[in-house]
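First the structure, in the form of structure tokens, and then the observations on it.
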Amino acid sequence: MGKIKVRVKINGKERSDEVEPRMLLAHYLRDVVGATGTHIGCDTSNCGACTVVMDGKAVKSCTVLVGQANGREIKTVEGLSQNGKLSKIQKAFLDKHGLQCGYCTSGMLMASYWLLKKNKKPTEEEIRRNLSGNLCRCTGYQNIVEAVKYASELIEKEGEEEEVVVESQ
Amino acid sequence: MNGIIYVIFIVSAMTITPSVFEYYTPSTMVEAVNLLEKYGDEAKLLAGGQSLIPLMKMRFASISHVIDISRIEEMDYIKEDSNRLSIGALTTVDELGSSVTIKNRYMIIKEAADQIADPLVRNMGTVGGNISHGDPANDLPAVMLSLDATFMVQGKNGGKEIKAEDFFVDSLITALEPNEILYEIRVPKMVKRQGGAYIKHKKSAGDFSVAAVASNIIVDGDGKIIKVGVALTSVGPTPIKSTRAEGILAGKKLTEELAAEAARSITEESDPVSDFYGSIDYKKKVLRFIIKESLVAAYKRAKEAQ
Amino acid sequence: MITGQKFVEGKGTYVDDINLPGMLYMAIVRSPYSRAKIASLKGGLNSSDYEGRMASVGEGGSGEINIYSEPVFAQGYTSYLGQPVAAVFGEDRYKAEDLLNSVDVEYEPLKPVMEIDAALKADPIHPGTKNNILIDKWVGKEFKDTSSPIVLEDSFYNRRVATNPMEPRGVVATYDGNRLTMWASSQSSQSIKEGLVEAMNLSPDSVRVIQADTGGGFGLKGGLHPEYVIAAHAAMKYKRPVKWIETRSEHLSSSNPGRGARADIKIFAGKNGIINGVTGEVYVDAGAYGGFGEFAPRFIAYQLTGPYAIPNGYVRAIATLTNKVPQGPYRGAGRPEASYFIERMVDLLADELKMDPADVRIANMSSEPFKSPLGLEIGAAKPFFQDALKEFEYGKRFTSDTAGLGFFVLVPGIGPGEGARIKIEKGRVKVWLGGDTAGQGHQEFVRTLIREELGIASDLVELQLGDTDAVKRGVGAWGSRSAITAGAAVIAASGKIKDMVIKDFGDYSPENALSGSYDIDHFEEMKGTLNSFGANIAVADVSPLGAIRVKDCWSYYDVGRVLSKESVWGQIMGGIVQGIGQVVSEEIAYSDEGELLTGSIADSGVLSADQVPNFVVKVAENRSDLPHGVKGLGEAPTIGVPSALVRSIEKVTGKRIRDTPVRPEDIAEDF
């Protein structure tokens, strides 16, 4: 069976690989690219540990074939911090204790990142609804919700990520 | 979406990687139809993949040719003209739920779209996939049945139309031939004094609804029902379009009592099974409750609609 | 090193992130039937290559291998759906799964024994045994009560629940010809090592277990599992590293779930609400083999008087064998079951006497320490409970017509103590513990204690992952024990370091300590009890269709001194959702024919962010007698929340609730 060539931009970097078409985006990121921050927690598209942002939308990378990602731009948890500086959503998760074991965290961060891109000031209910495809077994969600609220405040006060990166350069 | 997973786990597949297949990315519908023609039963269309990929990961179906139609241009749109609303099959569920046209005028569609799976799955899952998968637990089929939608299909010998009520044949089986593609969904344009509602009842956690119901109502200036479409999700091998609703409700104003009577009668058209989501009796109780709720909501919206 | 920072950067190293050169991926052929004869088996690694059995280690483990111990591979017949039958190995995870087809198994399905009652009546599921009773013991002392005017009986069932850590189980095993090294997602690298040594008959020196970053455990990851032995055996046989990562569907069918306990309880009481005695039977559905099931029923029975001063108690503790995956510890591990059973009876008594449930509870509390006839030692319950009612504003903010109260005693697993190693080198402090953290925040309490004991700033102190080569002796992180036992070990080790610094420098200062090199590995022996109290109040909304929505859930726990506020609050809030989950949705269910009905994490009932409310967390910081003043914590919410929430559902619907999870159709309105 043939391999296919995929060309993707991952966290700003272009790359291309020959892979089996059956490979899932999550496994491509973890096993081929070596970006193991994207986790796999279930087989049924329920848990969201594998969430990445593809062409601006948060998706479950365990339910995307690598071919579907061909030509697209992918942002993973490794792409959140810029120039060694944590992004606001990462800082907020740390400051608000929005993680315990860390396993769901990458997916939570990426889903939250996407939410804050489309909705800068989400209400508590909107946060909870938007994170409904990301399961956490440790935190009870309360601190995760607090973290997203806090990140939203940080963005309101200090502006969005890209601006900060430009300033720091 | 994800509709069949429950059934499959009973046969205990525990893999998480698909078996080997060839992958195609046609850029036109004709190309896609030719590929379908060539590979027949061994081929499967992939749009967003949110129903198909979970099945492939469990190696449930042997699919040796995957035809990814997501690169076909111009199948991703929501348009409304003087006659109809047209939805391209590759429109994602998220796009459907976020569309201003849908939000302003087709609340029933928005209500269903916003309750499909979760926000991340909705970013990939497509309207065409949700409908053509033929899963009786999927939400858009019942909505389209209640709205008397028409499905536009491209086959080897050109295009054809299939009415929603003729489309759903059995569990996971539709009227689509193996070499046909659903490319557009057409919904009659909302008229004055038309309203709809989609009510979905779920367990506290879990993917699927215990039952859901779509109600679509048109009233006259006096508030008398002119036309009504009711369809049910998750309570039979296919989504079920009520044949009784019209007879009970047409020509009348909806009261609580009438809604309850209609709900009781329509519930008798369902064919649920007893499973982890509830017994047959419970599911019928759920139906009686949510059918009534959805009729009342749809009627209220119809009376208020300009 | 364990910090939150690496996790938000995606830089954790979980076991699936470990890749070794030449590594094989393992996939397991599992029984698709709950019970079947294996008529023929060809291909893969199977019982013809490896005949060993599992050793019972971890929480409640006996360390033994006996006739009820699970064979590593099914031998001649399968006893649960998901039981390992054979293993295959591929160059990557896709190829390993491709090879599952290369194993040819013919099964002859047999009628499975799926429930406790059926197990008591059925022929033994294992040939050569007499019946399906794993253990059957009486706890307490027989008593006769012919004078109590109120005698109430009821039956309850906490159905099975999956542990469902977000990271499933997994190991990487490698063998260099002399030593087996295994990386594991773990709550106890020490127990896993002990298990491998026992089960595989290896010398302790030849096995090293190293913890990878661990994405939650909740009881599951403290013990040995068949797949670990298979991976170890394969690494030794093929002389290549072997990785096994559990899929979620494997987790739901084949990893040890918790709960699965039933009770028939009778209480004898006076008209004033005072309970004179409790008796009855506790049954645990142990699943197909021994292990935790041998320990659980006695542990539940022992706690059956709860926080109450009940003078008489006599309870039969039974575990039955069924054709299900063996039961294991899940957050609370016997404590929530006992609390649920007695709290349900106390509420029943309140209804019988038309008393406020708070008053009935107070009537049964002592203002003095109390030792129950079942052996449970508790402190003075009444003052704490009265404080809890004040904190909840009981009677004002919450009233008994909609709110459910839960009151419990938390029995942490203290013995035999815990190990800790502190190493100071090049101005930095590394700490290893005998039990492995899986997200509970061990790093935080370790830093607090080192700061207090040695005066060393937290940013110089790093908790290391578990490693059996780094710490000589250790137990594990379960049973609400880590802050108590590992904390005590850290303090004792710090003391030894202080002594050495004084010896070297004449006096102690953090600067002196940091300028030297010190390395202390200490096992702090501990025994006895350190039981503490907790209370919850919950209010549920129930729709006409029986859908439950939790409106309010407040906690008030005596956690002793708080070493890390974030960790304590985090533990409580996370545990509350697990407690709610057990009541409203969580379950591992089978059909009567033995088919698994809960094959996805969603179906097994793990709640999402939009399904739970915000919580109010309050704590009492009543110091314990330990130097660091702590008490148990981690299991408090899974003990306290279920009974409180169930009571609220009962009040709101007017229907008596006996079992968890509560099925919507049982509480839906009639119409």
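Residues in the structure tokens are numbered from 1 in each chain, the chains being A, B, ... in the order shown, and ligands are numbered from 1 in the order shown.
The interface of chain C with chain B at 6 Å, considering only C-alpha atoms, consists of Pro32, Tyr94, Ser249, Ser585, Glu595, Leu596, Gly599, Ala602, Asp603, Gly605, Leu607 and Glu665 of chain C.
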Next, dump the selected residues to file, keeping only N, CA and C atoms, as an mmCIF file, in the first residue's frame.
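part19.cif was written with the following content:
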```cif
data_model
loop_
_atom_site.group_PDB
_atom_site.id
_atom_site.type_symbol
_atom_site.label_atom_id
_atom_site.label_comp_id
_atom_site.auth_asym_id
_atom_site.auth_seq_id
_atom_site.Cartn_x
_atom_site.Cartn_y
_atom_site.Cartn_z
ATOM 1 N N PRO C 32 -13.285 -11.936 23.968
ATOM 2 C CA PRO C 32 -14.488 -11.149 23.653
ATOM 3 C C PRO C 32 -15.693 -11.619 24.463
ATOM 4 N N TYR C 94 0.712 0.623 14.906
ATOM 5 C CA TYR C 94 -0.191 0.184 13.837
ATOM 6 C C TYR C 94 0.076 -1.273 13.478
ATOM 7 N N SER C 249 -10.595 1.681 25.507
ATOM 8 C CA SER C 249 -11.536 0.562 25.519
ATOM 9 C C SER C 249 -10.964 -0.611 26.302
ATOM 10 N N SER C 585 -23.882 9.243 37.096
ATOM 11 C CA SER C 585 -23.589 8.686 35.764
ATOM 12 C C SER C 585 -22.558 7.574 35.715
ATOM 13 N N GLU C 595 -22.160 -8.995 28.031
ATOM 14 C CA GLU C 595 -21.618 -8.020 27.090
ATOM 15 C C GLU C 595 -21.359 -6.713 27.831
ATOM 16 N N LEU C 596 -20.251 -6.063 27.468
ATOM 17 C CA LEU C 596 -19.925 -4.779 28.090
ATOM 18 C C LEU C 596 -20.790 -3.685 27.466
ATOM 19 N N GLY C 599 -18.626 1.034 26.749
ATOM 20 C CA GLY C 599 -17.372 0.867 26.019
ATOM 21 C C GLY C 599 -16.641 2.157 25.706
ATOM 22 N N ALA C 602 -17.222 8.194 27.680
ATOM 23 C CA ALA C 602 -18.458 8.950 27.879
ATOM 24 C C ALA C 602 -19.535 8.045 28.477
ATOM 25 N N ASP C 603 -19.667 6.854 27.921
ATOM 26 C CA ASP C 603 -20.672 5.931 28.464
ATOM 27 C C ASP C 603 -20.346 5.499 29.885
ATOM 28 N N GLY C 605 -19.389 7.370 32.025
ATOM 29 C CA GLY C 605 -20.009 8.383 32.868
ATOM 30 C C GLY C 605 -19.122 9.495 33.400
ATOM 31 N N LEU C 607 -17.889 12.922 33.929
ATOM 32 C CA LEU C 607 -18.616 14.170 33.689
ATOM 33 C C LEU C 607 -17.721 15.222 33.045
ATOM 34 N N GLU C 665 -34.564 6.635 35.043
ATOM 35 C CA GLU C 665 -35.929 6.106 34.938
ATOM 36 C C GLU C 665 -36.519 5.696 36.275
#
```
Write out as a Markdown table the residues of chain A that have any atom within 9 Å of an atom of chain B, one row each with the nearest atom pair and its distance in Å to one decimal, counting only C-alpha atoms, sorted by chain and then rising number.
```
| residue | atom | partner | partner_atom | distance |
| --- | --- | --- | --- | --- |
| A:Met1 | CA | B:Glu22 | CA | 6.7 |
| A:Gly2 | CA | B:Glu22 | CA | 6.8 |
| A:Lys3 | CA | B:Glu22 | CA | 8.5 |
| A:Ile4 | CA | B:Tyr23 | CA | 8.1 |
| A:Glu20 | CA | B:Val20 | CA | 8.0 |
| A:Pro21 | CA | B:Tyr23 | CA | 6.2 |
| A:Arg22 | CA | B:Pro18 | CA | 5.9 |
| A:Met23 | CA | B:Thr17 | CA | 7.5 |
| A:Leu24 | CA | B:Thr17 | CA | 7.6 |
| A:Cys42 | CA | B:Ile16 | CA | 8.6 |
| A:Asp43 | CA | B:Ile16 | CA | 5.8 |
| A:Thr44 | CA | B:Pro54 | CA | 6.0 |
| A:Ser45 | CA | B:Pro54 | CA | 7.3 |
| A:Asn46 | CA | B:Asp207 | CA | 8.1 |
| A:Gly48 | CA | B:Leu120 | CA | 8.0 |
| A:Thr51 | CA | B:Leu120 | CA | 7.9 |
| A:Lys57 | CA | B:Asn123 | CA | 6.5 |
| A:Ala58 | CA | B:Leu120 | CA | 5.7 |
| A:Val59 | CA | B:Leu120 | CA | 4.9 |
| A:Lys60 | CA | B:Leu120 | CA | 6.4 |
| A:Cys62 | CA | B:Ile53 | CA | 8.8 |
| A:Thr63 | CA | B:Ile53 | CA | 5.9 |
| A:Val64 | CA | B:Gly49 | CA | 6.9 |
| A:Leu65 | CA | B:Ile53 | CA | 7.8 |
| A:Gly67 | CA | B:Tyr23 | CA | 8.0 |
| A:Gln68 | CA | B:Asp68 | CA | 7.7 |
| A:Ala111 | CA | B:Leu120 | CA | 7.8 |
| A:Arg129 | CA | B:Pro119 | CA | 8.0 |
| A:Asn130 | CA | B:Pro119 | CA | 6.1 |
| A:Leu131 | CA | B:Pro119 | CA | 7.7 |
| A:Ser132 | CA | B:Asp118 | CA | 6.2 |
| A:Gly133 | CA | B:Asp118 | CA | 5.0 |
| A:Asn134 | CA | B:Leu120 | CA | 8.8 |
```
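Among the candidates B:Ala297, B:Ile199, B:Leu258, B:Leu36, the one nearest to Gln154 in chain B when counting only C-alpha atoms is B:Leu36.
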Near chain C, which residues of chain A fall within 7 Å when you count only C-alpha atoms, and what do they look like as a VMD selection string? chain A and resid 36 to 37 41 to 44 46 77 to 78 90 94 97 100 to 106 128 to 129 131 to 132 135 to 142
Output file for the selection above: N, CA and C atoms, as a PDB file, in the first residue's frame:
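out.pdb, written as the output of this step:
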```pdb
ATOM      1  N   THR A  36       5.353  15.379  21.515  1.00  0.00           N
ATOM      2  CA  THR A  36       4.600  14.471  22.377  1.00  0.00           C
ATOM      3  C   THR A  36       3.727  15.187  23.407  1.00  0.00           C
ATOM      4  N   GLY A  37       3.668  16.505  23.318  1.00  0.00           N
ATOM      5  CA  GLY A  37       2.763  17.234  24.210  1.00  0.00           C
ATOM      6  C   GLY A  37       1.302  16.951  23.907  1.00  0.00           C
ATOM      7  N   GLY A  41      -6.096  10.114  25.091  1.00  0.00           N
ATOM      8  CA  GLY A  41      -6.721   9.610  26.305  1.00  0.00           C
ATOM      9  C   GLY A  41      -7.902   8.693  26.063  1.00  0.00           C
ATOM     10  N   CYS A  42      -8.379   8.621  24.822  1.00  0.00           N
ATOM     11  CA  CYS A  42      -9.482   7.702  24.549  1.00  0.00           C
ATOM     12  C   CYS A  42      -9.442   7.304  23.093  1.00  0.00           C
ATOM     13  N   ASP A  43     -10.401   6.479  22.695  1.00  0.00           N
ATOM     14  CA  ASP A  43     -10.437   5.997  21.314  1.00  0.00           C
ATOM     15  C   ASP A  43     -11.701   6.471  20.610  1.00  0.00           C
ATOM     16  N   THR A  44     -12.503   7.269  21.290  1.00  0.00           N
ATOM     17  CA  THR A  44     -13.855   7.517  20.798  1.00  0.00           C
ATOM     18  C   THR A  44     -14.151   9.003  20.630  1.00  0.00           C
ATOM     19  N   ASN A  46     -13.935  11.391  22.627  1.00  0.00           N
ATOM     20  CA  ASN A  46     -14.630  11.972  23.764  1.00  0.00           C
ATOM     21  C   ASN A  46     -13.747  12.874  24.620  1.00  0.00           C
ATOM     22  N   VAL A  77       0.365  22.318  21.627  1.00  0.00           N
ATOM     23  CA  VAL A  77       0.729  22.919  22.913  1.00  0.00           C
ATOM     24  C   VAL A  77       2.167  23.439  22.894  1.00  0.00           C
ATOM     25  N   GLU A  78       3.013  22.765  22.134  1.00  0.00           N
ATOM     26  CA  GLU A  78       4.412  23.208  22.069  1.00  0.00           C
ATOM     27  C   GLU A  78       4.537  24.572  21.405  1.00  0.00           C
ATOM     28  N   GLN A  90      -1.278  29.709  29.169  1.00  0.00           N
ATOM     29  CA  GLN A  90      -0.416  28.812  29.960  1.00  0.00           C
ATOM     30  C   GLN A  90      -0.171  29.376  31.354  1.00  0.00           C
ATOM     31  N   LEU A  94      -1.252  27.852  35.115  1.00  0.00           N
ATOM     32  CA  LEU A  94      -0.313  27.674  36.226  1.00  0.00           C
ATOM     33  C   LEU A  94      -0.753  28.474  37.447  1.00  0.00           C
ATOM     34  N   HIS A  97      -3.868  27.150  39.155  1.00  0.00           N
ATOM     35  CA  HIS A  97      -3.819  25.729  39.504  1.00  0.00           C
ATOM     36  C   HIS A  97      -4.839  24.940  38.670  1.00  0.00           C
ATOM     37  N   GLN A 100      -3.565  19.256  37.412  1.00  0.00           N
ATOM     38  CA  GLN A 100      -2.968  18.430  38.462  1.00  0.00           C
ATOM     39  C   GLN A 100      -2.021  17.419  37.831  1.00  0.00           C
ATOM     40  N   CYS A 101      -2.570  16.372  37.200  1.00  0.00           N
ATOM     41  CA  CYS A 101      -1.655  15.371  36.638  1.00  0.00           C
ATOM     42  C   CYS A 101      -1.041  15.837  35.337  1.00  0.00           C
ATOM     43  N   GLY A 102      -1.659  16.815  34.682  1.00  0.00           N
ATOM     44  CA  GLY A 102      -1.082  17.388  33.472  1.00  0.00           C
ATOM     45  C   GLY A 102      -1.472  16.700  32.180  1.00  0.00           C
ATOM     46  N   TYR A 103      -2.183  15.597  32.275  1.00  0.00           N
ATOM     47  CA  TYR A 103      -2.413  14.821  31.059  1.00  0.00           C
ATOM     48  C   TYR A 103      -3.449  15.459  30.132  1.00  0.00           C
ATOM     49  N   CYS A 104      -4.519  16.002  30.708  1.00  0.00           N
ATOM     50  CA  CYS A 104      -5.549  16.633  29.873  1.00  0.00           C
ATOM     51  C   CYS A 104      -5.154  18.050  29.492  1.00  0.00           C
ATOM     52  N   THR A 105      -4.085  18.537  30.145  1.00  0.00           N
ATOM     53  CA  THR A 105      -3.765  19.962  30.093  1.00  0.00           C
ATOM     54  C   THR A 105      -3.524  20.488  28.677  1.00  0.00           C
ATOM     55  N   SER A 106      -2.773  19.735  27.885  1.00  0.00           N
ATOM     56  CA  SER A 106      -2.483  20.216  26.524  1.00  0.00           C
ATOM     57  C   SER A 106      -3.781  20.459  25.768  1.00  0.00           C
ATOM     58  N   ARG A 128     -17.592  26.699  30.113  1.00  0.00           N
ATOM     59  CA  ARG A 128     -17.917  25.308  30.426  1.00  0.00           C
ATOM     60  C   ARG A 128     -18.441  24.574  29.193  1.00  0.00           C
ATOM     61  N   ARG A 129     -19.298  25.248  28.411  1.00  0.00           N
ATOM     62  CA  ARG A 129     -19.830  24.607  27.197  1.00  0.00           C
ATOM     63  C   ARG A 129     -18.736  24.342  26.179  1.00  0.00           C
ATOM     64  N   LEU A 131     -15.661  23.820  26.701  1.00  0.00           N
ATOM     65  CA  LEU A 131     -14.720  22.788  27.142  1.00  0.00           C
ATOM     66  C   LEU A 131     -15.419  21.440  27.341  1.00  0.00           C
ATOM     67  N   SER A 132     -16.654  21.342  26.852  1.00  0.00           N
ATOM     68  CA  SER A 132     -17.408  20.109  27.123  1.00  0.00           C
ATOM     69  C   SER A 132     -16.856  18.905  26.370  1.00  0.00           C
ATOM     70  N   LEU A 135     -12.201  16.218  28.683  1.00  0.00           N
ATOM     71  CA  LEU A 135     -12.431  15.648  30.012  1.00  0.00           C
ATOM     72  C   LEU A 135     -11.196  15.793  30.893  1.00  0.00           C
ATOM     73  N   CYS A 136     -11.463  16.046  32.182  1.00  0.00           N
ATOM     74  CA  CYS A 136     -10.406  16.098  33.185  1.00  0.00           C
ATOM     75  C   CYS A 136     -10.882  15.266  34.356  1.00  0.00           C
ATOM     76  N   ARG A 137     -10.000  14.457  34.916  1.00  0.00           N
ATOM     77  CA  ARG A 137     -10.408  13.588  36.015  1.00  0.00           C
ATOM     78  C   ARG A 137      -9.868  14.108  37.348  1.00  0.00           C
ATOM     79  N   CYS A 138      -9.010  15.124  37.305  1.00  0.00           N
ATOM     80  CA  CYS A 138      -8.341  15.554  38.542  1.00  0.00           C
ATOM     81  C   CYS A 138      -8.947  16.810  39.163  1.00  0.00           C
ATOM     82  N   THR A 139      -9.233  17.812  38.355  1.00  0.00           N
ATOM     83  CA  THR A 139      -9.441  19.151  38.913  1.00  0.00           C
ATOM     84  C   THR A 139     -10.876  19.463  39.303  1.00  0.00           C
ATOM     85  N   GLY A 140     -11.822  18.707  38.791  1.00  0.00           N
ATOM     86  CA  GLY A 140     -13.215  19.094  38.998  1.00  0.00           C
ATOM     87  C   GLY A 140     -13.603  20.305  38.169  1.00  0.00           C
ATOM     88  N   TYR A 141     -12.713  20.727  37.284  1.00  0.00           N
ATOM     89  CA  TYR A 141     -12.927  21.786  36.286  1.00  0.00           C
ATOM     90  C   TYR A 141     -12.932  23.207  36.831  1.00  0.00           C
ATOM     91  N   GLN A 142     -13.203  23.368  38.112  1.00  0.00           N
ATOM     92  CA  GLN A 142     -13.423  24.724  38.631  1.00  0.00           C
ATOM     93  C   GLN A 142     -12.204  25.621  38.385  1.00  0.00           C
TER      94      GLN A 142
END
```
Spatial neighbours of Ile226 in chain B, 12 Å, only C-alpha atoms, chain gap at least 4 places, as a PyMOL selection string: chain B and resi 191-195+216-222+245-254+299+302-303
Just write the chosen residues, N, CA and C atoms, as a PDB file, in the first residue's frame.
```pdb
ATOM      1  N   VAL B 191     -41.413  30.283   5.850  1.00  0.00           N
ATOM      2  CA  VAL B 191     -42.463  31.234   5.465  1.00  0.00           C
ATOM      3  C   VAL B 191     -42.857  32.046   6.696  1.00  0.00           C
ATOM      4  N   LYS B 192     -43.736  32.978   6.477  1.00  0.00           N
ATOM      5  CA  LYS B 192     -44.307  33.720   7.600  1.00  0.00           C
ATOM      6  C   LYS B 192     -44.976  32.738   8.553  1.00  0.00           C
ATOM      7  N   ARG B 193     -44.923  33.037   9.812  1.00  0.00           N
ATOM      8  CA  ARG B 193     -45.608  32.235  10.825  1.00  0.00           C
ATOM      9  C   ARG B 193     -45.204  30.757  10.800  1.00  0.00           C
ATOM     10  N   GLN B 194     -43.881  30.547  10.654  1.00  0.00           N
ATOM     11  CA  GLN B 194     -43.350  29.185  10.752  1.00  0.00           C
ATOM     12  C   GLN B 194     -42.333  29.148  11.884  1.00  0.00           C
ATOM     13  N   GLY B 195     -42.373  28.091  12.646  1.00  0.00           N
ATOM     14  CA  GLY B 195     -41.396  27.963  13.730  1.00  0.00           C
ATOM     15  C   GLY B 195     -41.063  26.505  13.970  1.00  0.00           C
ATOM     16  N   ASN B 216     -41.753  21.095  13.501  1.00  0.00           N
ATOM     17  CA  ASN B 216     -41.798  22.233  12.584  1.00  0.00           C
ATOM     18  C   ASN B 216     -43.268  22.553  12.325  1.00  0.00           C
ATOM     19  N   ILE B 217     -43.650  23.800  12.593  1.00  0.00           N
ATOM     20  CA  ILE B 217     -45.076  24.154  12.545  1.00  0.00           C
ATOM     21  C   ILE B 217     -45.279  25.447  11.748  1.00  0.00           C
ATOM     22  N   ILE B 218     -46.315  25.464  10.913  1.00  0.00           N
ATOM     23  CA  ILE B 218     -46.741  26.705  10.253  1.00  0.00           C
ATOM     24  C   ILE B 218     -48.187  26.987  10.699  1.00  0.00           C
ATOM     25  N   VAL B 219     -48.443  28.233  11.096  1.00  0.00           N
ATOM     26  CA  VAL B 219     -49.797  28.578  11.541  1.00  0.00           C
ATOM     27  C   VAL B 219     -50.381  29.660  10.623  1.00  0.00           C
ATOM     28  N   ASP B 220     -51.702  29.787  10.671  1.00  0.00           N
ATOM     29  CA  ASP B 220     -52.320  30.896   9.932  1.00  0.00           C
ATOM     30  C   ASP B 220     -52.472  32.098  10.857  1.00  0.00           C
ATOM     31  N   GLY B 221     -53.072  33.147  10.323  1.00  0.00           N
ATOM     32  CA  GLY B 221     -53.191  34.388  11.080  1.00  0.00           C
ATOM     33  C   GLY B 221     -53.956  34.225  12.380  1.00  0.00           C
ATOM     34  N   ASP B 222     -54.818  33.211  12.449  1.00  0.00           N
ATOM     35  CA  ASP B 222     -55.595  32.975  13.675  1.00  0.00           C
ATOM     36  C   ASP B 222     -54.874  32.063  14.655  1.00  0.00           C
ATOM     37  N   ALA B 245     -48.966  13.256  13.062  1.00  0.00           N
ATOM     38  CA  ALA B 245     -48.985  14.621  13.597  1.00  0.00           C
ATOM     39  C   ALA B 245     -49.957  15.515  12.841  1.00  0.00           C
ATOM     40  N   GLU B 246     -49.881  15.454  11.521  1.00  0.00           N
ATOM     41  CA  GLU B 246     -50.701  16.309  10.664  1.00  0.00           C
ATOM     42  C   GLU B 246     -52.194  16.091  10.969  1.00  0.00           C
ATOM     43  N   GLY B 247     -52.588  14.848  11.024  1.00  0.00           N
ATOM     44  CA  GLY B 247     -53.994  14.505  11.243  1.00  0.00           C
ATOM     45  C   GLY B 247     -54.519  15.002  12.584  1.00  0.00           C
ATOM     46  N   ILE B 248     -53.681  14.951  13.590  1.00  0.00           N
ATOM     47  CA  ILE B 248     -54.130  15.349  14.928  1.00  0.00           C
ATOM     48  C   ILE B 248     -54.164  16.873  15.070  1.00  0.00           C
ATOM     49  N   LEU B 249     -53.189  17.521  14.437  1.00  0.00           N
ATOM     50  CA  LEU B 249     -52.968  18.938  14.757  1.00  0.00           C
ATOM     51  C   LEU B 249     -53.473  19.912  13.690  1.00  0.00           C
ATOM     52  N   ALA B 250     -53.573  19.471  12.439  1.00  0.00           N
ATOM     53  CA  ALA B 250     -53.905  20.419  11.365  1.00  0.00           C
ATOM     54  C   ALA B 250     -55.262  21.059  11.610  1.00  0.00           C
ATOM     55  N   GLY B 251     -55.306  22.358  11.382  1.00  0.00           N
ATOM     56  CA  GLY B 251     -56.565  23.088  11.513  1.00  0.00           C
ATOM     57  C   GLY B 251     -56.895  23.486  12.940  1.00  0.00           C
ATOM     58  N   LYS B 252     -55.999  23.151  13.880  1.00  0.00           N
ATOM     59  CA  LYS B 252     -56.313  23.466  15.274  1.00  0.00           C
ATOM     60  C   LYS B 252     -55.287  24.423  15.871  1.00  0.00           C
ATOM     61  N   LYS B 253     -55.751  25.079  16.923  1.00  0.00           N
ATOM     62  CA  LYS B 253     -54.798  25.842  17.736  1.00  0.00           C
ATOM     63  C   LYS B 253     -54.199  24.889  18.759  1.00  0.00           C
ATOM     64  N   LEU B 254     -52.911  25.085  19.004  1.00  0.00           N
ATOM     65  CA  LEU B 254     -52.263  24.161  19.938  1.00  0.00           C
ATOM     66  C   LEU B 254     -52.521  24.575  21.388  1.00  0.00           C
ATOM     67  N   TYR B 299     -44.687  25.895  18.151  1.00  0.00           N
ATOM     68  CA  TYR B 299     -45.945  26.638  17.946  1.00  0.00           C
ATOM     69  C   TYR B 299     -45.797  28.094  18.393  1.00  0.00           C
ATOM     70  N   ALA B 302     -43.733  29.852  15.926  1.00  0.00           N
ATOM     71  CA  ALA B 302     -44.487  30.073  14.674  1.00  0.00           C
ATOM     72  C   ALA B 302     -45.386  31.288  14.826  1.00  0.00           C
ATOM     73  N   LYS B 303     -46.043  31.378  15.964  1.00  0.00           N
ATOM     74  CA  LYS B 303     -46.980  32.507  16.160  1.00  0.00           C
ATOM     75  C   LYS B 303     -46.225  33.838  16.237  1.00  0.00           C
TER      76      LYS B 303
END
```
